[in-house]
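Q: Starting off with a structure, shown below.
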Amino acid sequence: MQMSIVGCVMGAFQIISLDGSADEEHLPELSTSQMLKMYRDMVLARRLDSWLMRLQRMGRVAIHAPSEGQEAAMVGSAHTLESEDWVFPSYREIPVYIARGVPISEILNRQFCNEEDPLHGHDMAVYGSRRHKIVPAPVPVGMQIPTAVGFAMAAKYRGEKAVAITYFGDGATSKGDFHEALNFAGVFKAPVVFFCQNNQYAISCPFSRQTATKTIAEKAVAYGFEGVWVDGNDVLACYSATKRAIEKARRGEGPTLIEAFTYRLGPHTTADDPSRYREHAEVEKWRERDPIARFKRFLIRRGLWSEEDDAKLHEEIEEDIKLEIEKAERKRPLKPDVIFADVYESEPWHLAEERDEFSRFI
Amino acid sequence: MAVISLAQAINQALREEMRRDDRVIVMGEDVGRRGGVFLCTEGLYEEFGPDRVIDTPLAESAIVGVALGMAIYGLRPVAEIQFADFIYGGFDQIVSNIAKIRYRSGGQFSAPLVIRAPYGGGVKGGLHHSQSPEAYFIHTAGLKVVIPSTPYDAKGLLISAIRDEDPVIFFEPKRIYRSVKGEVPEGDYTVPIGVSRLVREGSDVSLITYGAMVYECEAAAEKAEKEGISVEVLDLRSLLPFDGEAIIKTVRKTGRPIIVHEAPKICGFGAEIAAFIAEREILSLQSPIIRVAGYDTPFPLVHEHLYLPNERRILDAIKRAVSF
């Protein structure tokens, strides 16, 4: 399927078919090791996700927003980023962090809120790292989108080649910030990529409750730039569409809206019960389109991977995660007065007084 | 030393900071060629060009949200909200995103930005061009909130705000943009955030106020003086953090605090000051703490001079305090 600007698109852009065969004409230029790295990141993200779900059920970590089923969209897009590029994620983007090179130890420190939690225990379910150029998401939906635009405008003002990419879901496209930010980006030709993971649910509300348009991608037309509709369960299609958008932004040709059409296989968060609002059969149908299984079939078909390799990889990853969980759980908890840290650069008198009062009760 | 208006002092602060530091950019509705609807950014577009004086789409949430992105990048954006009454469109961005970025990133990121907005009544602006929304922001950890009342303070505080490492909401009393003039030195100086200004010394009553109300308080103090009542006037200048020491000092001195602001009374900033005094200085009090504030109605168009605290109402409060 041709990748094309919405308006003339017939279907979502796809490279790998469900059976693992590929559209040779549109295969991106990726080395075997790059593709295997992408595959590894997807598997690692999936296994870590599964562990975090279980750890939450056991009461060992706080709330978790699972990414199962969306690994292709996140890993494929994040693999296009250069070291100077910046990420403005939402709260479901662990696969992006992994693709960006964040060690899982750091993600686990975060989840366990131990003394090495980079966010000092100040928020749930989100992650950020200056070193990896990831700005932690504000949890209210869609709020990071204007921030990404401002960052991109600043980079442009400074004549730097950095591109900002922001991740959000279909629910976010209903918010005013989505409109205001895309409108801004269009006006100023900001070097930004809007990556919408349409996982078809905003908690329980289906995509049809967010918009009357067929796609989200077509909304880009109203902002004067390109929208691309891509199969979000096809890692190579997501990679190609994002690479094109990032390069375009870097050349100074402005923003792109990418809609990766995918499916949230798990609940919205560990606090959600999706059986209340969707049929099991629907979930099963989408399990057949599992992005990891599809990419694996592609790799095996091309002789780049085998079932033995796969078993070994899963085993290795499982061992790694277990080890890192053990380490993260053994670290000391954050000190109570951390709740007074990071409010201002220097502490105003009223906070100093409140901290003193607080210290009498711990 | 040049005598200039409050609006001109703001203009001068912006211009000097933009000359000094190319990270400083100005953005908002009509701030470019128009120079701002109150002309606070007049001439900046001509001097610094469209990349640093940015006329934005009419979108308050994106104006402040984009400013945050610029600040995270390392710039020092000064975003203008055309009227404080329109800031609510960006409220979620300000309180959920900007105010909390330092906290929720574990100190990895911060928002060194300024949001300027003309506020307050007295210009026959009706209910959507007259409000005093400062309390909403003072209630939000991570923000600083500043309101100057003189040209000197406007320049010095705005420079401090631009150089501050945390986000500053900078409300400008538009009613006195032009009517109040004062000596303002050219070149660099700052007025520290968090420090009040003793406008006038007195021994019987303390008027604790800010913004355009400083002048109503001064006028009332003059009148009271003629009737033999000595009135101290404290201009807070910074509301978050506020100058607790100066409040304690004046309350200990007079024992009769009166808080004056334009914003509606219920949960207005006066409530916080009253509680602060009651918690710490109850034995210093010679009279109840009195608030003279806007009424708890939407801001009216007709008879706004009767809605706003004025000399008469303040003088009445002074007399109630001394006769208690």
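In the structure tokens, the first chain shown is A, the next is B, and so on; residue numbers restart at 1 for each chain, and ligands run from 1 in the order shown.
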When the cut-off is 7 Å and we count only C-alpha atoms, which residues of chain A are near chain B, given as a list in words?
A: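 Residues of chain A within 7 Å of chain B, counting only C-alpha atoms: Pro118, Leu119, His120, His122, Asp123, Gly128, Arg130, Pro136, Pro138, Met143, Pro146, Thr147, Ala148, Val149, Gly150, Phe151, Ala154, Tyr157, Asp177, Glu180, Ala181, Phe184, Asp342, Val343, Tyr344, Glu345 and Pro348 of chain A.
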Q: Identify all residues of region 195-268 of chain B in strand (DSSP E or B) (DSSP on the backbone) and supply them as a PyMOL selection string.
A: chain B and resi 197-200+205-209+231-235+238-240+257-264
Q: Using only C-alpha atoms, I'd like a table of the residues in region 186-299 of chain A that come within 10 Å of region 303-318 of chain A; for each, show the closest atom pair and its distance in Å rounded to one decimal, ordered by chain and ascending number, as CSV.
A:
residue,atom,partner,partner_atom,distance
A:Lys296,CA,A:Trp305,CA,7.5
A:Arg297,CA,A:Trp305,CA,8.8
A:Phe298,CA,A:Leu304,CA,8.7
A:Leu299,CA,A:Leu304,CA,5.2
Q: Report the distance between CA of Phe324 (chain B) and CA of Ala135 (chain B) in Å, rounded to one decimal place.
A: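 Computing the Euclidean distance for CA of Phe324 (chain B) and CA of Ala135 (chain B) yields 29.3 Å.
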Q: Mind listing the helix (DSSP H, G or I) residues of region 215-286 of chain B, per DSSP on the backbone, as number ranges by chain?
A: B: 215-226, 244-254, 269-284
Q: Would you export the selected residues with C-alpha atoms as a tab-separated table (two decimals), in the first residue's frame, please?
A:
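What landed in selection-v9.tsv:
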chain	number	residue	atom	x	y	z
B	215	TYR	CA	-3.48	54.55	45.36
B	216	GLU	CA	-6.96	54.27	46.86
B	217	CYS	CA	-5.32	53.31	50.14
B	218	GLU	CA	-2.96	56.27	49.99
B	219	ALA	CA	-5.85	58.63	49.35
B	220	ALA	CA	-7.81	57.16	52.26
B	221	ALA	CA	-4.73	57.40	54.48
B	222	GLU	CA	-4.37	61.09	53.63
B	223	LYS	CA	-7.99	61.72	54.59
B	224	ALA	CA	-7.64	59.73	57.81
B	225	GLU	CA	-4.52	61.69	58.69
B	226	LYS	CA	-6.55	64.88	58.57
B	244	GLY	CA	5.16	37.58	55.86
B	245	GLU	CA	7.76	39.43	57.93
B	246	ALA	CA	6.59	42.84	56.78
B	247	ILE	CA	2.98	41.93	57.53
B	248	ILE	CA	3.88	40.82	61.03
B	249	LYS	CA	5.90	43.99	61.55
B	250	THR	CA	3.10	46.33	60.58
B	251	VAL	CA	0.48	44.36	62.54
B	252	ARG	CA	2.65	44.50	65.66
B	253	LYS	CA	3.03	48.21	65.14
B	254	THR	CA	-0.62	49.19	64.62
B	269	PHE	CA	-6.00	36.74	48.80
B	270	GLY	CA	-7.18	38.82	51.77
B	271	ALA	CA	-8.52	35.64	53.34
B	272	GLU	CA	-5.01	34.18	53.35
B	273	ILE	CA	-3.49	37.31	54.84
B	274	ALA	CA	-6.23	37.44	57.48
B	275	ALA	CA	-5.59	33.83	58.42
B	276	PHE	CA	-1.83	34.42	58.46
B	277	ILE	CA	-2.29	37.33	60.90
B	278	ALA	CA	-4.82	35.46	63.03
B	279	GLU	CA	-2.55	32.43	63.34
B	280	ARG	CA	0.51	34.38	64.38
B	281	GLU	CA	-0.39	37.76	65.79
B	282	ILE	CA	-3.75	37.44	67.46
B	283	LEU	CA	-2.46	39.01	70.66
B	284	SER	CA	-1.21	42.04	68.73
Q: Thr41 (chain B): which residues within 6 Å, counting only C-alpha atoms, same-chain residues fewer than 5 positions away excluded, as a list in words?
A: Asn11, Val31, Gly35 and Gly36 of chain B
Q: Residues as selected, N, CA and C atoms, written as a PDB file, in the first residue's frame, can you do that?
A:
ATOM      1  N   ASN B  11       7.568  48.139  29.083  1.00  0.00           N
ATOM      2  CA  ASN B  11       8.196  48.136  27.768  1.00  0.00           C
ATOM      3  C   ASN B  11       9.719  48.206  27.893  1.00  0.00           C
ATOM      4  N   VAL B  31       1.012  41.336  19.943  1.00  0.00           N
ATOM      5  CA  VAL B  31       2.202  41.927  20.575  1.00  0.00           C
ATOM      6  C   VAL B  31       3.196  42.463  19.535  1.00  0.00           C
ATOM      7  N   GLY B  35       1.985  46.229  18.791  1.00  0.00           N
ATOM      8  CA  GLY B  35       2.684  46.631  20.014  1.00  0.00           C
ATOM      9  C   GLY B  35       1.898  46.318  21.278  1.00  0.00           C
ATOM     10  N   GLY B  36       0.932  45.399  21.140  1.00  0.00           N
ATOM     11  CA  GLY B  36       0.082  45.056  22.294  1.00  0.00           C
ATOM     12  C   GLY B  36      -1.091  46.007  22.358  1.00  0.00           C
TER      13      GLY B  36
END
Q: Name the residues in contact with region 72-81 of chain A at a cut-off of 7 Å, using only C-alpha atoms, excluding same-chain residues fewer than 4 positions from it; report them as a list in words.
A: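 What passes the distance filter is Met38, Asp41, Met42, Asp85, Pro95, Val96, Ala99, Arg100, Gly232, Asn233, Asp234, Val235, Leu236, Cys238, Tyr239, Thr242, Lys243, Ala260 and Pro291 of chain A.
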Q: Which neighbours of Ser204 (chain A) fall inside 9 Å, counting only C-alpha atoms, when residues of the same chain fewer than 2 positions from it are skipped, and could you give them as number ranges by chain?
A: A: 201-202, 206, 268, 272, 274, 276-278
Q: Report as a PyMOL selection string all protein, DNA and RNA residues lying within 10 Å of region 322-325 of chain A, evaluated on only C-alpha atoms, omitting residues in the same chain fewer than 5 positions from it.
A: chain A and resi 48+51-52+55+103-109+111-112+317+330
Q: Print the selection's residues with N, CA and C atoms to a file, as a short mmCIF file (atom, residue, chain, number, x, y, z; two decimals), in the first residue's frame.
A:
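So the final result, stored in part-v8.cif, reads:
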data_model
loop_
_atom_site.label_atom_id
_atom_site.label_comp_id
_atom_site.auth_asym_id
_atom_site.auth_seq_id
_atom_site.Cartn_x
_atom_site.Cartn_y
_atom_site.Cartn_z
N LEU A 48 8.31 -6.64 29.84
CA LEU A 48 8.34 -5.71 30.98
C LEU A 48 6.91 -5.29 31.36
N TRP A 51 5.23 -7.95 33.23
CA TRP A 51 5.73 -7.97 34.61
C TRP A 51 5.11 -6.84 35.44
N LEU A 52 5.04 -5.66 34.84
CA LEU A 52 4.50 -4.52 35.60
C LEU A 52 3.02 -4.74 35.94
N LEU A 55 3.18 -7.17 38.82
CA LEU A 55 3.71 -6.53 40.04
C LEU A 55 2.65 -5.63 40.67
N PRO A 103 17.62 2.37 30.12
CA PRO A 103 17.74 1.04 30.71
C PRO A 103 16.50 0.69 31.53
N ILE A 104 16.13 -0.59 31.52
CA ILE A 104 14.91 -0.96 32.25
C ILE A 104 15.08 -0.76 33.75
N SER A 105 16.34 -0.74 34.20
CA SER A 105 16.56 -0.48 35.64
C SER A 105 15.96 0.87 36.01
N GLU A 106 16.11 1.83 35.10
CA GLU A 106 15.61 3.18 35.41
C GLU A 106 14.08 3.21 35.41
N ILE A 107 13.49 2.47 34.48
CA ILE A 107 12.02 2.40 34.43
C ILE A 107 11.50 1.72 35.70
N LEU A 108 12.23 0.71 36.15
CA LEU A 108 11.80 0.00 37.37
C LEU A 108 12.03 0.85 38.62
N ASN A 109 13.13 1.59 38.66
CA ASN A 109 13.34 2.51 39.79
C ASN A 109 12.16 3.46 39.90
N GLN A 111 9.05 2.89 38.73
CA GLN A 111 7.83 2.18 39.12
C GLN A 111 7.83 1.85 40.61
N PHE A 112 9.00 1.53 41.14
CA PHE A 112 9.07 1.19 42.56
C PHE A 112 9.21 2.43 43.44
N ILE A 317 15.72 -12.13 28.16
CA ILE A 317 15.00 -10.93 28.59
C ILE A 317 14.32 -11.17 29.93
N ARG A 330 15.12 -3.86 46.04
CA ARG A 330 16.02 -3.85 47.21
C ARG A 330 16.50 -2.45 47.57
#
Q: Kindly give the distance, in Å, that separates CA of Ser208 (chain A) and CA of Ser240 (chain A), rounded to a single decimal.
A: 27.4 Å
